[in-house]
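*Asks:* What follows is my_file_29.csv, made up of CSV, C-alpha atoms:
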chain,number,residue,atom,x,y,z
A,17,MET,CA,-4.5,-2.2,29.9
A,18,PHE,CA,-3.0,-5.7,29.8
A,19,GLU,CA,-6.0,-7.0,27.8
A,20,ARG,CA,-5.7,-4.1,25.3
A,21,LEU,CA,-2.0,-4.9,24.8
A,22,THR,CA,-2.7,-8.6,24.4
A,23,ASN,CA,-5.3,-7.9,21.8
A,24,TYR,CA,-2.9,-5.6,19.9
A,25,LEU,CA,-0.1,-8.3,19.9
A,26,ASP,CA,-2.6,-10.9,18.7
A,27,SER,CA,-3.7,-8.6,15.9
A,28,ILE,CA,-0.1,-8.4,14.7
A,29,LYS,CA,0.3,-12.2,15.0
A,30,ALA,CA,-2.7,-12.6,12.8
A,31,ARG,CA,-1.0,-10.5,10.1
A,32,ASP,CA,2.5,-11.8,10.4
A,33,PRO,CA,3.3,-15.6,10.5
A,34,ALA,CA,6.9,-15.1,11.7
A,35,PRO,CA,6.6,-14.5,15.5
A,36,ARG,CA,6.4,-17.6,17.7
A,37,SER,CA,5.1,-15.7,20.8
A,38,ARG,CA,3.8,-12.4,22.0
A,39,TRP,CA,7.1,-11.7,23.7
A,40,GLU,CA,8.8,-11.8,20.4
A,41,ILE,CA,6.4,-9.3,18.9
A,42,LEU,CA,7.3,-6.9,21.7
A,43,LEU,CA,10.7,-6.6,20.2
A,44,TYR,CA,9.4,-5.4,16.8
A,45,PRO,CA,10.6,-1.9,15.9
A,46,GLY,CA,7.1,-1.0,14.7
A,47,VAL,CA,5.6,-1.9,18.2
A,48,LEU,CA,8.3,0.1,20.0
A,49,ALA,CA,7.8,3.1,17.6
A,50,LEU,CA,4.1,3.1,18.2
A,51,GLY,CA,4.5,2.9,21.9
A,52,LEU,CA,6.9,5.9,21.9
A,53,HIS,CA,4.6,7.7,19.6
A,54,ARG,CA,1.7,7.4,22.0
A,55,VAL,CA,3.9,9.2,24.6
A,56,ALA,CA,5.1,11.8,22.1
A,57,HIS,CA,1.5,12.4,20.9
A,58,SER,CA,0.3,13.0,24.5
A,59,LEU,CA,3.1,15.5,25.0
A,60,TYR,CA,2.3,17.2,21.7
A,61,ARG,CA,-1.4,17.6,22.6
A,62,SER,CA,-0.2,19.1,25.9
A,63,GLU,CA,1.8,21.6,23.9
A,64,LEU,CA,5.1,20.3,25.3
A,65,TYR,CA,6.5,20.4,21.8
A,66,PHE,CA,10.2,20.1,22.7
A,67,LEU,CA,9.7,17.0,24.8
A,68,ALA,CA,7.4,15.5,22.1
A,69,ARG,CA,10.2,16.0,19.6
A,70,PHE,CA,12.8,14.5,21.9
A,71,VAL,CA,10.7,11.3,22.2
A,72,ASN,CA,10.2,11.4,18.5
A,73,HIS,CA,14.0,11.6,17.8
A,74,LEU,CA,14.7,8.9,20.4
A,75,SER,CA,12.1,6.6,18.6
A,76,ARG,CA,13.7,7.3,15.2
A,77,PHE,CA,17.1,6.5,16.6
A,78,LEU,CA,16.0,3.2,18.0
A,79,THR,CA,13.7,2.0,15.3
A,80,SER,CA,14.4,3.9,12.0
A,81,ILE,CA,10.8,4.9,12.0
A,82,ASP,CA,9.9,8.6,12.0
A,83,ILE,CA,6.3,9.3,13.2
A,84,HIS,CA,5.7,13.0,13.8
A,85,PRO,CA,4.2,13.6,17.3
A,86,GLY,CA,1.2,15.3,15.8
A,87,ALA,CA,0.1,12.3,13.7
A,88,THR,CA,-3.2,10.6,14.9
A,89,ILE,CA,-3.1,6.8,15.0
A,90,GLY,CA,-5.9,4.4,15.7
A,91,ARG,CA,-6.0,0.9,17.3
A,92,ASN,CA,-4.0,-2.1,16.1
A,93,PHE,CA,-1.6,-0.1,13.9
A,94,PHE,CA,1.2,-2.3,12.6
A,95,ILE,CA,4.4,-1.2,10.8
A,96,ASP,CA,6.1,-4.3,9.5
A,97,HIS,CA,9.9,-3.8,9.6
A,98,GLY,CA,10.7,-0.1,9.4
A,99,PHE,CA,12.2,2.9,7.6
A,100,THR,CA,8.8,4.5,7.5
A,101,VAL,CA,7.9,8.3,7.6
A,102,ILE,CA,4.5,9.6,8.8
A,103,GLY,CA,3.8,13.3,8.7
A,104,GLU,CA,2.4,15.7,11.2
A,105,THR,CA,-1.3,15.9,10.0
A,106,ALA,CA,-1.6,12.2,9.0
A,107,LYS,CA,-4.6,10.4,10.4
A,108,ILE,CA,-4.6,6.6,10.5
A,109,GLY,CA,-7.6,4.5,11.4
A,110,ASP,CA,-7.9,1.1,13.1
A,111,ASN,CA,-6.3,-2.2,11.9
A,112,VAL,CA,-4.0,-0.4,9.4
A,113,THR,CA,-0.9,-2.2,8.1
A,114,ILE,CA,2.1,-0.5,6.6
A,115,TYR,CA,5.2,-2.3,5.3
A,116,GLN,CA,8.8,-1.0,5.1
A,117,CYS,CA,10.0,2.2,3.4
A,118,VAL,CA,6.6,3.8,3.2
A,119,THR,CA,6.0,7.6,3.3
A,120,LEU,CA,2.8,9.3,4.3
A,121,GLY,CA,4.0,12.6,3.0
A,122,GLY,CA,2.7,16.2,2.8
A,123,THR,CA,2.2,18.8,0.2
A,124,SER,CA,5.1,21.1,-0.7
A,125,PRO,CA,5.7,23.8,1.9
A,126,ASP,CA,6.3,26.4,-0.8
A,127,ASN,CA,2.6,26.4,-1.9
A,128,GLY,CA,1.5,28.3,1.2
A,129,VAL,CA,-1.2,25.8,2.1
A,130,ALA,CA,-1.6,25.4,5.8
A,131,GLY,CA,-3.6,22.9,7.8
A,132,LYS,CA,-4.2,19.3,6.6
A,133,ARG,CA,-1.1,18.4,4.5
A,134,HIS,CA,-0.8,14.6,5.0
A,135,PRO,CA,-3.0,11.6,4.1
A,136,THR,CA,-5.9,10.0,6.0
A,137,LEU,CA,-6.0,6.2,6.0
A,138,ALA,CA,-9.3,4.7,6.9
A,139,ASP,CA,-9.8,1.4,8.7
A,140,ASN,CA,-8.2,-1.8,7.4
A,141,VAL,CA,-6.0,-0.1,4.8
A,142,ILE,CA,-2.8,-2.0,3.7
A,143,ILE,CA,0.2,0.0,2.3
A,144,GLY,CA,2.8,-2.1,0.4
A,145,SER,CA,6.5,-1.7,0.8
A,146,GLY,CA,8.1,1.4,-0.8
A,147,ALA,CA,4.7,3.1,-1.5
A,148,GLN,CA,4.4,6.8,-1.3
A,149,VAL,CA,1.0,8.3,-0.2
A,150,LEU,CA,1.2,12.1,-0.7
A,151,GLY,CA,-0.9,15.1,0.2
A,152,PRO,CA,-4.2,15.6,2.1
A,153,ILE,CA,-5.9,12.7,0.4
A,154,THR,CA,-8.1,9.9,1.8
A,155,VAL,CA,-7.5,6.2,1.3
A,156,GLY,CA,-10.8,4.5,1.8
A,157,THR,CA,-11.8,1.7,4.1
A,158,GLY,CA,-10.2,-1.7,3.1
A,159,ALA,CA,-8.2,-0.2,0.2
A,160,ARG,CA,-4.8,-1.6,-0.6
A,161,VAL,CA,-1.8,0.2,-2.1
A,162,GLY,CA,0.8,-2.0,-3.9
A,163,ALA,CA,4.5,-1.9,-3.5
A,164,ASN,CA,6.3,1.2,-4.8
A,165,ALA,CA,3.0,2.8,-5.9
A,166,VAL,CA,2.7,6.6,-5.7
A,167,VAL,CA,-0.7,7.8,-4.6
A,168,THR,CA,-1.7,11.5,-5.0
A,169,LYS,CA,-5.5,11.2,-5.3
A,170,ASP,CA,-8.3,9.9,-3.1
A,171,VAL,CA,-8.7,6.1,-3.1
A,172,VAL,CA,-12.2,4.7,-3.0
A,173,PRO,CA,-12.9,2.0,-0.4
A,174,GLY,CA,-11.8,-1.5,-1.3
A,175,ALA,CA,-9.7,-0.4,-4.3
A,176,VAL,CA,-6.3,-1.9,-5.1
A,177,MET,CA,-3.8,0.8,-6.4
A,178,VAL,CA,-0.7,0.0,-8.4
A,179,GLY,CA,1.8,2.0,-10.5
A,180,ILE,CA,3.2,5.5,-10.8
A,181,PRO,CA,0.9,7.4,-10.6
A,182,ALA,CA,-1.2,4.8,-8.9
A,183,ARG,CA,-4.3,3.6,-10.6
A,184,PRO,CA,-6.9,1.0,-9.6
A,185,THR,CA,-6.4,-2.4,-11.0
A,186,MET,CA,-8.4,-5.6,-11.4
A,187,ILE,CA,-7.8,-8.8,-9.5
A,188,GLU,CA,-8.4,-11.9,-11.6
A,189,GLY,CA,-11.7,-11.1,-13.3
A,190,GLY,CA,-12.7,-8.4,-10.7
A,191,ARG,CA,-13.1,-10.8,-7.8
A,192,SER,CA,-12.3,-9.1,-4.5
A,193,GLU,CA,-9.9,-10.6,-2.0
A,194,THR,CA,-11.2,-11.7,1.4
A,195,GLY,CA,-9.3,-11.5,4.6
A,196,PHE,CA,-5.8,-10.0,5.1
A,197,VAL,CA,-3.6,-9.7,2.0
A,198,PRO,CA,0.1,-9.4,2.7
A,199,TYR,CA,2.0,-6.6,1.1
A,200,GLY,CA,-1.2,-5.0,-0.1
A,201,THR,CA,-1.6,-7.1,-3.3
A,202,PRO,CA,-2.0,-10.8,-3.9
A,203,CYS,CA,1.3,-12.7,-4.3
A,204,ARG,CA,0.6,-13.7,-8.0
A,205,ASP,CA,0.5,-12.0,-11.4
A,206,MET,CA,-1.4,-8.8,-11.5
A,207,PHE,CA,-2.0,-6.7,-14.6
A,208,ASP,CA,-2.3,-3.0,-15.0
A,209,PRO,CA,-5.5,-2.1,-16.8
A,210,GLU,CA,-3.6,-0.1,-19.5
A,211,THR,CA,-1.4,-3.0,-20.2
A,212,GLN,CA,-4.4,-5.3,-20.5
A,213,LYS,CA,-6.0,-3.0,-23.0
A,214,PHE,CA,-2.8,-3.0,-25.1
A,215,GLU,CA,-2.6,-6.8,-25.1
A,216,LEU,CA,-6.2,-7.2,-26.1
A,217,LEU,CA,-5.8,-4.8,-28.9
A,218,ARG,CA,-2.7,-6.6,-30.1
A,219,CYS,CA,-4.5,-10.0,-30.1
A,220,GLU,CA,-7.4,-8.4,-32.1
A,221,MET,CA,-5.0,-7.0,-34.6
A,222,ASP,CA,-3.3,-10.4,-35.1
A,223,GLN,CA,-6.7,-12.0,-35.6
A,224,LEU,CA,-7.7,-9.4,-38.1
A,225,ARG,CA,-4.5,-9.9,-40.1
A,226,LYS,CA,-5.2,-13.6,-40.3
A,227,GLU,CA,-8.7,-13.0,-41.5
A,228,LEU,CA,-7.6,-10.5,-44.0
A,229,ALA,CA,-4.9,-12.9,-45.4
A,230,ALA,CA,-7.6,-15.6,-45.7
A,231,LEU,CA,-9.9,-13.2,-47.6
A,232,LYS,CA,-7.2,-12.1,-50.0
A,233,ALA,CA,-6.3,-15.8,-50.7
A,234,GLU,CA,-9.9,-16.6,-51.3
A,235,ARG,CA,-10.2,-13.7,-53.7
A,236,ASP,CA,-7.2,-14.7,-55.6
A,237,GLY,CA,-8.5,-18.3,-55.9
A,238,HIS,CA,-6.0,-19.8,-53.5
A,239,GLY,CA,-6.9,-21.6,-50.3
A,240,PRO,CA,-5.0,-21.0,-47.1
A,241,GLU,CA,-3.1,-24.4,-47.5
A,242,GLU,CA,-2.1,-23.6,-51.1
A,243,LEU,CA,-1.0,-20.2,-50.1
A,244,ARG,CA,1.3,-21.6,-47.4
A,245,ASP,CA,2.7,-24.1,-50.0
A,246,ARG,CA,3.5,-21.4,-52.4
A,247,ALA,CA,5.2,-19.3,-49.7
What does this structure look like when you write it as structure tokens?
*Replies:*
Amino acid sequence: MFERLTNYLDSIKARDPAPRSRWEILLYPGVLALGLHRVAHSLYRSELYFLARFVNHLSRFLTSIDIHPGATIGRNFFIDHGFTVIGETAKIGDNVTIYQCVTLGGTSPDNGVAGKRHPTLADNVIIGSGAQVLGPITVGTGARVGANAVVTKDVVPGAVMVGIPARPTMIEGGRSETGFVPYGTPCRDMFDPETQKFELLRCEMDQLRKELAALKAERDGHGPEELRDRA
């Protein structure tokens, strides 16, 4: 038991440079929320729903993190800061990191769909701050969701999702990141694929305009330098 707790605290220290000791990590709201969720989830599985909800509400009051007692969570789960909501049928794998103000939300209750309503996060997923992952979708192993992205469709393993609605994006020539990436995306400029296409088209149009002006000047018997002097 002690070794498992130590390994858990060490896994958080590897992802967060702020704490100076394991004791400090024990005060993190995400750690307290996960501990209380383990208790609430055990009560929920024993069909002691009122007691499970009571522990859930106590946890939310103390940590500002709302994890439904029915949610299934794997090892080394880390919520950095708080203000996170995790729905009843959410499933979270091992070594998952979630930053503040994230919602793992469900489908609309007015559509009559029962059963799995919330997302599944595979192992080693990172969800950036403010992101919304909605519906019974799957976020594949090692995928990352950027800050404030809204994900409503399945995410393939290793993808980096940005935007509203979220779309996969490239990282500096398509090179994949190795190791843990804070906040789900590298801390440098990243470009949306649609924006990149627009910029490339604009550059091509500028180049075509220059070539067309040169051809017109050559046809009229004026070189580019003479054309500039006349202008």
*Asks:* Nearest residue to Leu48 (chain A) out of A:Thr154, A:Asn140, A:Thr79, A:Thr113, using only C-alpha atoms?
*Replies:* A:Thr79
*Asks:* Could you give me, as a PyMOL selection string, the residues within 12 Å of Gly51 (chain A), counting only C-alpha atoms and dropping anything in the same chain fewer than 2 positions from it?
*Replies:* chain A and resi 21+24+42-49+53-58+71-72+74-75+79+81+83+85+89+91-95
*Asks:* Taking all atoms listed in the file into account, which of A:Arg235, A:Arg225, A:His134, A:Arg160 comes nearest Tyr115 (chain A)?
*Replies:* A:Arg160
*Asks:* Taking (5.8, -2.0, 1.0) as a centre in this file's frame and 8 Å as the limit, can you find every polymer residue with an atom that close, using only C-alpha atoms, and give them as a list in words?
*Replies:*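 The distance filter leaves exactly Ile114, Tyr115, Gln116, Cys117, Val118, Ile143, Gly144, Ser145, Gly146, Ala147, Gly162, Ala163, Asn164, Tyr199 and Gly200 of chain A.
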*Asks:* Print the selection's residues with C-alpha atoms to a file, as a PDB file, in the frame of the given file.
*Replies:*
ATOM      1  CA  ILE A 114       2.100  -0.500   6.600  1.00  0.00           C
ATOM      2  CA  TYR A 115       5.200  -2.300   5.300  1.00  0.00           C
ATOM      3  CA  GLN A 116       8.800  -1.000   5.100  1.00  0.00           C
ATOM      4  CA  CYS A 117      10.000   2.200   3.400  1.00  0.00           C
ATOM      5  CA  VAL A 118       6.600   3.800   3.200  1.00  0.00           C
ATOM      6  CA  ILE A 143       0.200   0.000   2.300  1.00  0.00           C
ATOM      7  CA  GLY A 144       2.800  -2.100   0.400  1.00  0.00           C
ATOM      8  CA  SER A 145       6.500  -1.700   0.800  1.00  0.00           C
ATOM      9  CA  GLY A 146       8.100   1.400  -0.800  1.00  0.00           C
ATOM     10  CA  ALA A 147       4.700   3.100  -1.500  1.00  0.00           C
ATOM     11  CA  GLY A 162       0.800  -2.000  -3.900  1.00  0.00           C
ATOM     12  CA  ALA A 163       4.500  -1.900  -3.500  1.00  0.00           C
ATOM     13  CA  ASN A 164       6.300   1.200  -4.800  1.00  0.00           C
ATOM     14  CA  TYR A 199       2.000  -6.600   1.100  1.00  0.00           C
ATOM     15  CA  GLY A 200      -1.200  -5.000  -0.100  1.00  0.00           C
TER      16      GLY A 200
END
*Asks:* Could you pull the residues within 7 Å of Ala175 (chain A), counting all atoms listed in the file, minus those fewer than 2 positions along the same chain, as a PDB file with C-alpha atoms, in the frame of the given file?
*Replies:*
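Contents of the output file selection_20.pdb:
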ATOM      1  CA  ALA A 159      -8.200  -0.200   0.200  1.00  0.00           C
ATOM      2  CA  ARG A 160      -4.800  -1.600  -0.600  1.00  0.00           C
ATOM      3  CA  VAL A 171      -8.700   6.100  -3.100  1.00  0.00           C
ATOM      4  CA  VAL A 172     -12.200   4.700  -3.000  1.00  0.00           C
ATOM      5  CA  PRO A 173     -12.900   2.000  -0.400  1.00  0.00           C
ATOM      6  CA  MET A 177      -3.800   0.800  -6.400  1.00  0.00           C
ATOM      7  CA  PRO A 184      -6.900   1.000  -9.600  1.00  0.00           C
TER       8      PRO A 184
END
*Asks:* So how far away is CA of Asn111 (chain A) from CA of Gly90 (chain A), in Å?
*Replies:*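 These atoms are spaced 7.6 Å apart.
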*Asks:* What's the 10 Å shell around Arg133 (chain A), counting all atoms listed in the file, without same-chain residues fewer than 6 positions away, as an NGL selection string?
*Replies:* :A and (103-106 or 120-125 or 150-153)
*Asks:* Which residues are close to Arg38 (chain A), i.e. within 8 Å by all atoms listed in the file, leaving aside same-chain residues fewer than 5 positions away? Reply as a PyMOL selection string.
*Replies:* chain A and resi 22+25-26+29
